[in-house]
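Remarks on the structure that follows.
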Amino acid sequence: MKKLINSPATIVPEMLEGLVRLNPDLALLEGQMVVVRAGGPAEGVALISGGGAGHEPAHAGYVGPGLLHAAVAGDVFTSPSTDAVLAAIRAVAGPAGVLLIVKNYTGDRLNFGLAAELARIDGIPAEVVIVDDDVALVGGADTAGRRGIAGTVFIHKVAGACAAAGLDLAAVKQAAQAAVTELGSMGVALTACTVPAAGKPGFTLGEEEVELGLGIHGEAGVRRTAMAPADQLVETLLRQIISQKSLVQGSRVALLVNNLGGTPAMELTIVARHALAVLEAEGIVVERAWAGTFLTAIEMAGCSISLLALDDERLKWLDAAATAPAWVAGQAPGPVQRQGVQVPVEKTAGTASPMFEAVLRAICAALTEAEPKLTAMDLAVGDGDLGISLARGAAAILAEASGYDLARPPEALKAMSATLRRALGGTSGPLYAVFLLRAARTLEGAGTADAAAWAEAFAQGAAAIGQLGDARPGDRTMLDAMVPATEALKAALLSGLDLDTSFTRSVAAAQEGTAATADMSPRRGRSSYLGDRVAGKPDPGAEAVAIWLAAVANTVVSTP
């Protein structure tokens with residue numbers, strides 16, 4: 001187990017200390033793992049939530065104006081003690097009383113419920129709202145009922161806005177309870193999580209398995225199923241929520257896409273994208289939407305989706321001002337706006353060169369086929385994106401090939417350069433774009449009638465890459481294949497050798513140059529950050545050059 005901790009025994013207090021130091025409007029309750037608003041008891045109804053740690057930023061991240069007055073933390077995935085909850089009540093409750101927002105887990109219900117009873121004995125008005133938004137579970141007399149999961153954050157917000165508006169305890173409780181009734185959530189896990197004290201995951205998933213309907217304490221879900229594309233998983237979650245909460249065409253909802261802890265932002269927004277599309281197709285109106293990290297299960301990879309049915313009043317509570325470390329205002333989602341850029345394109349009629357078009361398609365086919373190989377090579381020495389980047393560039397060129405002036409190769413090369421500038425980022429895009437641009441300019445001056453002109457264009461394109469990338473042969477880059485290949489091709493043609501032999505020598509030089517990179521110290525490119533760790537592994541950029549050059553050679557010698 002590798003975690004950025006000092007000891008499992010000190011995780012929670014150290015985490016809370018860090019949070020409070022970063023947020024001067026918060027304070028720690030002396031002797032307790034309780035975060036409160038700095039400044040004393042609430043003027044109106046006080047709100048308290050909490051539970052075991054491991055759900056960060058919940059629950060302490062929602063302490064602040066318009067939200068909670070205090071959050072009580074237990075050890076990781078362990079309910080806080082009754083006395084800790086009671087201490088929080090005594091610290092923040094004023095004459096208006098306190099509402100405890102409790103997720104439906106047995107330990108939380110017992111400890112928060114007993115604390116509320118003791119508070120009443122102290123003369124403090126205290127009420128409890130139980131959040132049970134997990135639609136994956138069906139409650140009943142013989143079960144503990146539905147669990148409380150990420151939708152709890154919506155209840156914090158609704159109740160917090162009501163309390164900030166001055167409503168009394170009964171009204172705040174009524175608004176929170178009504179929101180619970182209209183709230184549904186469901187999650188999917190791609191991995192388990194590791195409780196630090198246990199040192200190993202709570203369950204094991206195969207490479208192609210996911211858990212549907214999981215809880216937030218590292219427990220397994222209600223059903224294990226095969227991994228599927230994001231859109232399919234989103235639909236599975238949403239269909240269950242829509243059905244269980246009886247949402248229909250015209251229903252108004254707030255959407256929360258929640259990171260369970262280990263999910264990249266890019267994946268969350270992909271989930272949000274399709275969730276919005278599905279709801280739109282169902283005629284369900286999403287008036288506010290969130291996607292981010294709100295209530296987690298430590299580092300579990302996966303997400304949950306929550307829907308809260310809205311009316312005008314509940315929407316008002318969601319939109320009310322609030323300030324807390326983890327809270328962000330929701331947005332009203334809209335359609336995807338696309339804005340085009342007008343690029344003048346000069347197209348002159350002519351007859352396409354069969355050889356040029358055949359070479360172009362052969363290069364694209366070779367790079368597409370080599371994607372897995374180049375990806376594996378790049379993962380070993382860099383960031384793993386080269387294969388997919390070059391395959392994407394090949395696809396973009398094929399998609400736009402009908403718009404190229406294939407009768408005039410220099411113009412076609414310039415158009416291909418523009419395609420790659422649009423389609424590829426990273427390093428491959430600009431380097432191959434400048435290669436094609438310089439080659440086009442060279443051919444404009446020398447013509448395209450003989451192989452020597454193309455060889456010179458090839459050499460000038462390689463020089464442009466070196467100038468733009470500040471690289472030279474020996475730096476362990478694509479130039480270690482490209483430059484020897486250009487020199488071999490030019491020398492063979494100058495010696496009067498035929499195309500077949502000239503290209504054979506050029507490809508061999510590229511392959512030899514690629515092999516030599518395995519023994520080079522990286523000074524430029526993707527491998528330069530890894531130093532000696534890339535020893536013995538050829539440069540994938542050089543390998544890509546050898547691949548597409550071989551495709552050129554095979555096409556040139558086989559095309560009449």
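Every chain in the structure tokens takes a letter, A first, then B, and so on in the order presented; its residues are numbered from 1, and the ligands are numbered from 1 following the presented order.
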Would you list the contacts of stretch 158-171 of chain A as a list in words, taking every protein, DNA or RNA residue within 9 Å and counting only C-alpha atoms, but skipping same-chain residues closer than 6 positions in sequence?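 What passes the distance filter is Glu43, Gly44, Val45, Ala46, Leu47, Pro65, Gly66, Leu67, Leu68, His69, Ala96, Gly97, Val98, Leu99, Ile101, Pro125, Ala126, Glu127, Ala179, Arg314, Leu315, Lys316, Trp317, Leu318, Asp319, Ala320, Ala321 and Ala322 of chain A.
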Any chance you could export the current selection's C-alpha atoms as a compact mmCIF listing (two decimals), in the first residue's frame?
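What landed in out_6.txt:
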```
# COMPACT_ATOMS: atom_id res chain seq x y z
CA GLU A 43 -27.73 32.66 14.97
CA GLY A 44 -30.50 30.57 13.45
CA VAL A 45 -30.90 26.84 12.90
CA ALA A 46 -27.56 25.02 13.01
CA LEU A 47 -26.79 22.26 10.54
CA PRO A 65 -22.13 30.18 5.18
CA GLY A 66 -25.20 28.84 3.39
CA LEU A 67 -24.23 25.23 4.16
CA LEU A 68 -23.18 23.36 7.31
CA HIS A 69 -22.22 24.82 10.66
CA ALA A 96 -33.20 27.92 17.21
CA GLY A 97 -31.91 24.35 17.52
CA VAL A 98 -30.01 21.98 15.29
CA LEU A 99 -30.76 19.73 12.33
CA ILE A 101 -28.21 15.43 8.29
CA PRO A 125 -34.08 21.50 20.02
CA ALA A 126 -32.69 18.77 17.77
CA GLU A 127 -34.08 17.02 14.70
CA ALA A 179 -35.69 16.95 -0.98
CA ARG A 314 -36.03 24.01 -4.38
CA LEU A 315 -34.21 25.57 -7.34
CA LYS A 316 -34.08 28.81 -5.33
CA TRP A 317 -32.42 26.97 -2.43
CA LEU A 318 -29.84 25.40 -4.75
CA ASP A 319 -29.02 28.79 -6.27
CA ALA A 320 -28.78 30.61 -2.92
CA ALA A 321 -25.37 32.01 -2.05
CA ALA A 322 -23.05 29.64 -0.21
```
From a DSSP calculation on the backbone, collect every residue of stretch 210-323 of chain A in strand (DSSP E) and output the set as a PDB file with C-alpha atoms, in the first residue's frame.
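Dumped everything to states-v8.pdb:
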```
ATOM      1  CA  VAL A 210     -17.160  -3.209 -12.805  1.00  0.00           C
ATOM      2  CA  GLU A 211     -19.392  -3.028  -9.723  1.00  0.00           C
ATOM      3  CA  LEU A 212     -22.820  -1.452 -10.099  1.00  0.00           C
ATOM      4  CA  ARG A 223     -24.168  -6.478  -9.145  1.00  0.00           C
ATOM      5  CA  ARG A 224     -20.907  -7.200 -10.912  1.00  0.00           C
ATOM      6  CA  THR A 225     -20.952  -6.835 -14.663  1.00  0.00           C
ATOM      7  CA  ALA A 226     -18.667  -6.531 -17.658  1.00  0.00           C
ATOM      8  CA  ARG A 252     -37.220  19.308 -13.762  1.00  0.00           C
ATOM      9  CA  VAL A 253     -34.020  18.077 -12.133  1.00  0.00           C
ATOM     10  CA  ALA A 254     -30.583  18.971 -10.844  1.00  0.00           C
ATOM     11  CA  LEU A 255     -27.786  16.645 -11.975  1.00  0.00           C
ATOM     12  CA  LEU A 256     -24.702  15.763  -9.935  1.00  0.00           C
ATOM     13  CA  VAL A 257     -21.925  13.690 -11.538  1.00  0.00           C
ATOM     14  CA  ASN A 258     -19.642  12.734  -8.668  1.00  0.00           C
ATOM     15  CA  ASN A 259     -16.084  11.407  -8.680  1.00  0.00           C
ATOM     16  CA  VAL A 285     -35.192  19.214 -18.054  1.00  0.00           C
ATOM     17  CA  VAL A 286     -31.816  19.641 -16.356  1.00  0.00           C
ATOM     18  CA  GLU A 287     -31.923  23.080 -14.763  1.00  0.00           C
ATOM     19  CA  ARG A 288     -28.632  22.855 -12.864  1.00  0.00           C
ATOM     20  CA  ALA A 289     -25.667  20.525 -13.279  1.00  0.00           C
ATOM     21  CA  TRP A 290     -22.444  19.742 -11.460  1.00  0.00           C
ATOM     22  CA  ALA A 291     -19.536  17.429 -12.329  1.00  0.00           C
ATOM     23  CA  GLY A 292     -16.631  17.050  -9.944  1.00  0.00           C
ATOM     24  CA  GLY A 302     -15.705   5.314 -10.797  1.00  0.00           C
ATOM     25  CA  CYS A 303     -18.538   7.750 -10.397  1.00  0.00           C
ATOM     26  CA  SER A 304     -22.048   8.195  -9.157  1.00  0.00           C
ATOM     27  CA  ILE A 305     -24.929  10.103 -10.687  1.00  0.00           C
ATOM     28  CA  SER A 306     -27.560  11.905  -8.618  1.00  0.00           C
ATOM     29  CA  LEU A 307     -30.816  13.490  -9.751  1.00  0.00           C
ATOM     30  CA  LEU A 308     -32.861  15.815  -7.535  1.00  0.00           C
ATOM     31  CA  ALA A 309     -36.358  16.678  -8.728  1.00  0.00           C
TER      32      ALA A 309
END
```
Counting only C-alpha atoms, which of A:Ala176, A:Ala553, A:Ala415, A:Thr296 gets nearest to A:Ala358? A:Ala553
Counting only C-alpha atoms, which residue out of A:Phe458, A:Glu444, A:Glu280, A:Ala542 sits closest to A:Thr477?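 Answer, going by the shortest atom-to-atom distance: A:Ala542.
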If you count only C-alpha atoms, the residue of A:Gly283, A:Gly382, A:Gly334, A:Pro95 closest to A:Pro41 turns out to be A:Pro95
Please provide as a list in words all residues within 7 Å of stretch 74-76 of chain A, with the sequence filter that same-chain residues fewer than 6 positions apart are discarded (counting only C-alpha atoms).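 With the cut-off at 7 Å, the set is Val12, Gly51, Gly52, Ala53, Gly54 and Val195 of chain A.
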Test item: residues at most 10 Å from A:Thr368, only C-alpha atoms, excluding those fewer than 5 positions along its chain, as a list in words: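 That gives Ala362, Ile363, Leu374, Gly387, Ile388, Ser389, Leu390, Ala391, Arg392, Gly393, Ala394 and Ala395 of chain A.
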Quick one: everything within 8 Å of A:Thr152, counting only C-alpha atoms, minus sequence neighbours fewer than 5 positions away in the same chain. Send it as a list in words.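 Listed by chain and then number, they are Lys103, Val131 and Asp133 of chain A.
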I'd like the interatomic distance between atom CA of A:Glu512 and atom CA of A:Pro430, to a tenth of an Å.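 Separation between atom CA of A:Glu512 and atom CA of A:Pro430: 25.3 Å.
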Alpha helix (DSSP H) positions in stretch 235-302 of chain A, given as a list in words: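 Result set for stretch 235-302 of chain A (alpha helix (DSSP H)): Glu235, Thr236, Leu237, Leu238, Arg239, Gln240, Ile241, Ile242, Ser243, Gln244, Ala265, Met266, Glu267, Leu268, Thr269, Ile270, Val271, Ala272, Arg273, His274, Ala275, Leu276, Ala277, Val278, Leu279, Glu280 and Ala281 of chain A.
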Could you tell me how far atom CA of A:Arg37 sits from atom CA of A:Gly64, in Å to one decimal place?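 Those two atoms sit 6.1 Å apart.
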